[in-house]
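Written out below as structure tokens is the structure these notes cover.
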Amino acid sequence: MQNITSTLKKLFYLWKRSQVPIKQPIKISKVDNLIIFLICILISIISSYKLLLISPLNISNIFSWLLTFTEAYVSSWILILVSKKENPTISSRQIILIVTLLLAVQALKLVLASNISPLSLIIPPALIISQGMGSITALVWVSIASISWPEPEVAVNSNLFFILLVCASVVSLLGGRIRNRAQLLQLSIFVPIGSFLSQWILIGKDKIFLVDKQEFVFANGDLFSDSLLLAIVLLFTILFIPIFESIFGLLTKARLLELADKEKPLIRRLSLEAPGTFEHTLLICGLAEEATRMIGGDIDLIKTGALYHDVGKLHAPNWFIENQDGTNNPHDEIDDPIRSAEVLQAHVDEGLKYARKNRLPKQIANFIPEHQGTLKMGYFFHKAKEKKIKINENDFRYNGPVPQSKETAILMLADGCEAALRAMNIMASDQEALETISKIIYSRQKDGQLNDSNLSRGEIFLIKRAFLNVWKRIRHRRIQYPTSKNNTFS
Ligand SMILES: [Fe+2]
Ligand SMILES: [Fe+2]
């Protein structure tokens with residue numbers, strides 16, 4: 001009997017799972033795939049062709065060429081796979097940027113390796129990648145760029161290789177976390193100073209120890225001028241990062257914080273034309289931020305995404321309950337549940353239009369459809385049923401897709417809990433609040449809305465706790481403080 005029940009449960013789960021759109025893989029057009037493939041082939045050719053120029057050419061040379069070629073080709077694809085894993089929403093333009101930077105560095109090594117320190121060649125691109133694509137992608141990029149040298153005669157001294165790896169790793173790790181341009185400037189000054197001191201200590205002034213086989217790194221043997229060059233290249237890279245952001249759609253922490261500025265025209269419009277939605281947005285920001293912090297997600301991403309998730313309501317603010325003053329409700333006036341459902345769906349479609357018009361990055365625009373997922377517009381669905389209108393349940397569901405990341409899933413849950421927590425009695429106990437939160441989250445789970453979000457059970461537990469903490473704060477704020485007789489505050 002127990003077996004039958006569990007089989008039925010499994011079948012029910014599979015049926016439910018089939019009712020929501022499956023996780024969309026990143027769409028890369030055939031042309032982009034071809035471009036990426038050609039760049040990877042070019043990287044492999046540049047990294048290995050010198051081995052074929054060795055004379056006399058023998059079988060072992062051809063074999064080592066083949067090995068180097070394959071190694072470079074496989075490494076490029078590993079880099080692409082890692083970047084896709086770290087950034088599930090990565091675009092083909094961004095993949096092209098990563099491999100093009102690798103191609104450029106391999107080509108520059110051929111031309112400049114004997115004149116310029118490898119630090120100046122490898123660290124600046126690592127900064128761009130860590131800022132736009134994250135630390136892990138940058139670390140993999142650094143490993144490939146540091147190990148693969150197209151010139152067979154050149155082998156970097158192990159001390160210099162060590163310094164290169166440490167400096168590039170520091171830039172990769174910090175670059176992914178830096179939250180403003182001032183910190184970037186500090187990085188571009190302190191890394192060259194650090195590299196100068198470490199080279200001074202580990203290698204010393206004697207340039208002979210910098211290379212193993214030929215004079216390779218410092219043509220003039222001047223550690224200071226090379227560190228200065230690194231600082232200058234890094235400063236120029238920082239200047240060009242905003243250009244990379246707009247051309248390749250990179251979403252750096254600094255850009256996220258700029259977008260989260262409440263003085264941005266779209267957010268200002270929201271606060272003036274749809275004040276109720278703006279208030280709802282601010283409360284959701286608090287809920288989502290706390291939950292994301294609990295599970296170790298991207299706080300800056302969710303804060304900015306939450307700010308823009310309902311901008312589509314600007315197309316008809318008074319059709320949404322939070323902006324109504326309780327006197328007239330347009331939904332009651334039209335008395336047409338199907339039309340009402342269309343207006344609700346329009347807040348997603350119009351939101352996406354606003355996102356395009358305001359050039360919001362894709363990762364932020366994703367919050368607009370995914371916070372609603374394929375949720376049922378229950379109120380209007382039941383109204384239609386009451387009126388005995390012939391309906392299809394799908395007409396009363398948002399178009400989706402369901403949340404594709406942990407952050408958009410948290411926003412969906414925060415969106416669901418916000419109104420309930422706001423409406424909750426001030427005297428309600430923690431247990432009652434937790435039960436309400438759990439009920440809302442469970443209904444989303446049961447409906448298959450969290451299936452593609454990768455949220456684990458443990459993380460959902462933490463999210464519930466985080467929402468409860470925010471509720472406690474709201475309750476604390478709403479409790480009136482006792483005042484003294486002469487009404488003074490201290
Ligand atoms: Fe919404
Ligand atoms: Fe919302």
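Residues in the structure tokens are numbered from 1 in each chain, the chains being A, B, ... in the order shown, and ligands are numbered from 1 in the order shown.
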Open item on the list: Can you pull out the residues contacting A:Gly297? Cut-off 10 Å, using only C-alpha atoms, and skip same-chain residues under 6 positions away; I want them as a VMD selection string.
Closed with: chain A and resid 289 291 406 to 407 410
Grab the residues selected above and save them as a PDB file, in the first residue's frame with C-alpha atoms.
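Contents of the output file out02.pdb:
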ATOM      1  CA  GLU A 289      18.006  41.002   0.806  1.00  0.00           C
ATOM      2  CA  ALA A 291      16.915  35.914   2.563  1.00  0.00           C
ATOM      3  CA  LYS A 406      17.969  31.374  -6.727  1.00  0.00           C
ATOM      4  CA  GLU A 407      17.694  35.161  -6.683  1.00  0.00           C
ATOM      5  CA  ILE A 410      13.617  34.426  -3.630  1.00  0.00           C
TER       6      ILE A 410
END
Name each residue within 9 Å of ligand 1, counting only C-alpha atoms and all ligand atoms, as a compact mmCIF listing (two decimals) with C-alpha atoms, in the first residue's frame.
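Result file is result-v1.txt:
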# COMPACT_ATOMS: atom_id res chain seq x y z
CA HIS A 309 10.54 43.90 -10.75
CA ASP A 310 7.20 45.73 -10.92
CA VAL A 311 8.08 48.78 -13.06
CA GLY A 312 5.59 47.44 -15.61
CA LYS A 313 2.80 48.58 -13.28
CA LEU A 344 -2.08 41.65 -14.79
CA GLN A 345 -0.02 39.90 -17.49
CA HIS A 347 2.58 44.45 -16.02
CA VAL A 348 5.15 41.81 -17.01
CA ILE A 368 10.36 40.95 -14.34
CA PRO A 369 8.82 37.78 -15.85
CA HIS A 371 9.01 36.91 -10.22
CA GLN A 372 5.54 35.97 -11.47
CA MET A 412 8.94 35.45 -6.14
CA ASP A 415 6.54 39.02 -3.50
Task: Neighbour list for A:Asn318 as a VMD selection string, cut-off 9 Å, only C-alpha atoms, skip fewer than 6 positions in-chain - done: chain A and resid 274 324 to 325 329 to 330
Open item on the list: Report as JSON, numbers by chain all protein, DNA and RNA residues lying within 10 Å of A:Ser198, evaluated on only C-alpha atoms, omitting residues in the same chain fewer than 5 positions from it.
Closed with: {"A": [159, 160, 162, 163, 167, 192, 193, 203, 204]}
Would you save the residues from that selection as a PDB file, in the first residue's frame, using N, CA and C atoms?
ATOM      1  N   ASN A 159      59.797  31.691 -10.049  1.00  0.00           N
ATOM      2  CA  ASN A 159      59.459  32.739  -9.077  1.00  0.00           C
ATOM      3  C   ASN A 159      58.492  33.751  -9.679  1.00  0.00           C
ATOM      4  N   LEU A 160      58.790  34.135 -10.938  1.00  0.00           N
ATOM      5  CA  LEU A 160      57.931  35.104 -11.615  1.00  0.00           C
ATOM      6  C   LEU A 160      56.556  34.490 -11.864  1.00  0.00           C
ATOM      7  N   PHE A 162      55.100  32.278 -10.068  1.00  0.00           N
ATOM      8  CA  PHE A 162      54.414  32.270  -8.780  1.00  0.00           C
ATOM      9  C   PHE A 162      53.816  33.649  -8.485  1.00  0.00           C
ATOM     10  N   ILE A 163      54.626  34.703  -8.707  1.00  0.00           N
ATOM     11  CA  ILE A 163      54.145  36.080  -8.442  1.00  0.00           C
ATOM     12  C   ILE A 163      52.970  36.407  -9.366  1.00  0.00           C
ATOM     13  N   CYS A 167      49.327  37.428  -7.974  1.00  0.00           N
ATOM     14  CA  CYS A 167      48.741  38.752  -8.269  1.00  0.00           C
ATOM     15  C   CYS A 167      47.459  38.605  -9.081  1.00  0.00           C
ATOM     16  N   PRO A 192      50.153  46.596  -8.288  1.00  0.00           N
ATOM     17  CA  PRO A 192      51.496  46.849  -8.813  1.00  0.00           C
ATOM     18  C   PRO A 192      52.543  47.036  -7.708  1.00  0.00           C
ATOM     19  N   ILE A 193      52.140  47.704  -6.602  1.00  0.00           N
ATOM     20  CA  ILE A 193      53.099  47.874  -5.496  1.00  0.00           C
ATOM     21  C   ILE A 193      53.470  46.496  -4.933  1.00  0.00           C
ATOM     22  N   ILE A 203      62.977  37.785  -6.581  1.00  0.00           N
ATOM     23  CA  ILE A 203      63.846  37.685  -7.755  1.00  0.00           C
ATOM     24  C   ILE A 203      65.057  38.600  -7.643  1.00  0.00           C
ATOM     25  N   GLY A 204      64.815  39.749  -7.078  1.00  0.00           N
ATOM     26  CA  GLY A 204      65.907  40.692  -6.944  1.00  0.00           C
ATOM     27  C   GLY A 204      66.131  41.435  -8.240  1.00  0.00           C
TER      28      GLY A 204
END
Open item on the list: Would you pick out the contacts of A:Ile241 at 12 Å or less, using only C-alpha atoms, so that residues sharing its chain but fewer than 6 positions from it are not included, and give the list as a list in words?
Closed with: Pro124, Pro125, Ala126, Leu127, Ile128, Ile129, Ser130, Gln131, Gly132, Gly175, Arg181, Leu184, Leu234, Leu235, Ile247, Phe248, Gly249, Leu250, Leu251, Thr252, Lys253, Ala254 and Arg255 of chain A
TODO: Find the residue from A:Ile364, A:Leu282, A:Ile96, A:Val31 that sits nearest to ligand 2; use only C-alpha atoms and all ligand atoms when measuring.
DONE: A:Leu282
Open item on the list: Give me, as a list in words, all polymer residues having an atom no more than 10 Å from A:Asn366, counting only C-alpha atoms and skipping those fewer than 3 positions away in the same chain.
Closed with: Thr89, Gly305, His309, Leu352, Ala355, Leu360, Pro361, Lys362, Gln363, Pro369, Glu370, His371, Pro401, Pro403, Gln404, Ser405 and Thr408 of chain A
Expected file contents, prior selection, C-alpha atoms, as an mmCIF file, in the first residue's frame:
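Saved result, selection-v7.cif, follows:
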data_model
loop_
_atom_site.group_PDB
_atom_site.id
_atom_site.type_symbol
_atom_site.label_atom_id
_atom_site.label_comp_id
_atom_site.auth_asym_id
_atom_site.auth_seq_id
_atom_site.Cartn_x
_atom_site.Cartn_y
_atom_site.Cartn_z
ATOM 1 C CA THR A 89 22.387 33.686 -18.044
ATOM 2 C CA GLY A 305 16.309 43.267 -9.436
ATOM 3 C CA HIS A 309 10.544 43.902 -10.750
ATOM 4 C CA LEU A 352 10.102 44.109 -20.206
ATOM 5 C CA ALA A 355 13.664 47.365 -19.318
ATOM 6 C CA LEU A 360 18.554 47.391 -18.159
ATOM 7 C CA PRO A 361 20.983 44.427 -18.201
ATOM 8 C CA LYS A 362 19.419 41.037 -18.988
ATOM 9 C CA GLN A 363 20.086 39.703 -15.476
ATOM 10 C CA PRO A 369 8.823 37.782 -15.846
ATOM 11 C CA GLU A 370 10.397 35.318 -13.391
ATOM 12 C CA HIS A 371 9.008 36.914 -10.220
ATOM 13 C CA PRO A 401 9.192 31.333 -17.312
ATOM 14 C CA PRO A 403 12.402 31.431 -11.766
ATOM 15 C CA GLN A 404 15.648 30.259 -13.334
ATOM 16 C CA SER A 405 17.951 31.371 -10.520
ATOM 17 C CA THR A 408 14.592 35.396 -8.910
#
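Between ligand 2 and the candidates A:Thr374, A:Ser438, A:Thr277, A:Asn451, the tightest atom-to-atom separation, counting only C-alpha atoms and all ligand atoms, involves A:Thr277.
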Open item on the list: I'd like the contact shell of A:Met294 - 12 Å cut-off, only C-alpha atoms, skipping same-chain residues fewer than 5 positions apart - returned as a VMD selection string.
Closed with: chain A and resid 287 to 289 299 407 410 458 to 467 469
TODO: Take atom CA of A:Asn328 and atom CA of A:Tyr308 and report the distance between them in Å, one decimal.
DONE: 26.7 Å
Task: Filtered DSSP result for stretch 213-436 of chain A, state alpha helix (DSSP H), as an NGL selection string - done: :A and (223-248 or 253-259 or 265-273 or 275-295 or 299-308 or 330-334 or 337-357 or 362-365 or 367-370 or 378-386 or 406-423 or 430-436)
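Closest approach to ligand 2 among A:Gly326, A:Gly400, A:Pro275, A:Gly416 is made by A:Gly416 (distances from only C-alpha atoms and all ligand atoms).
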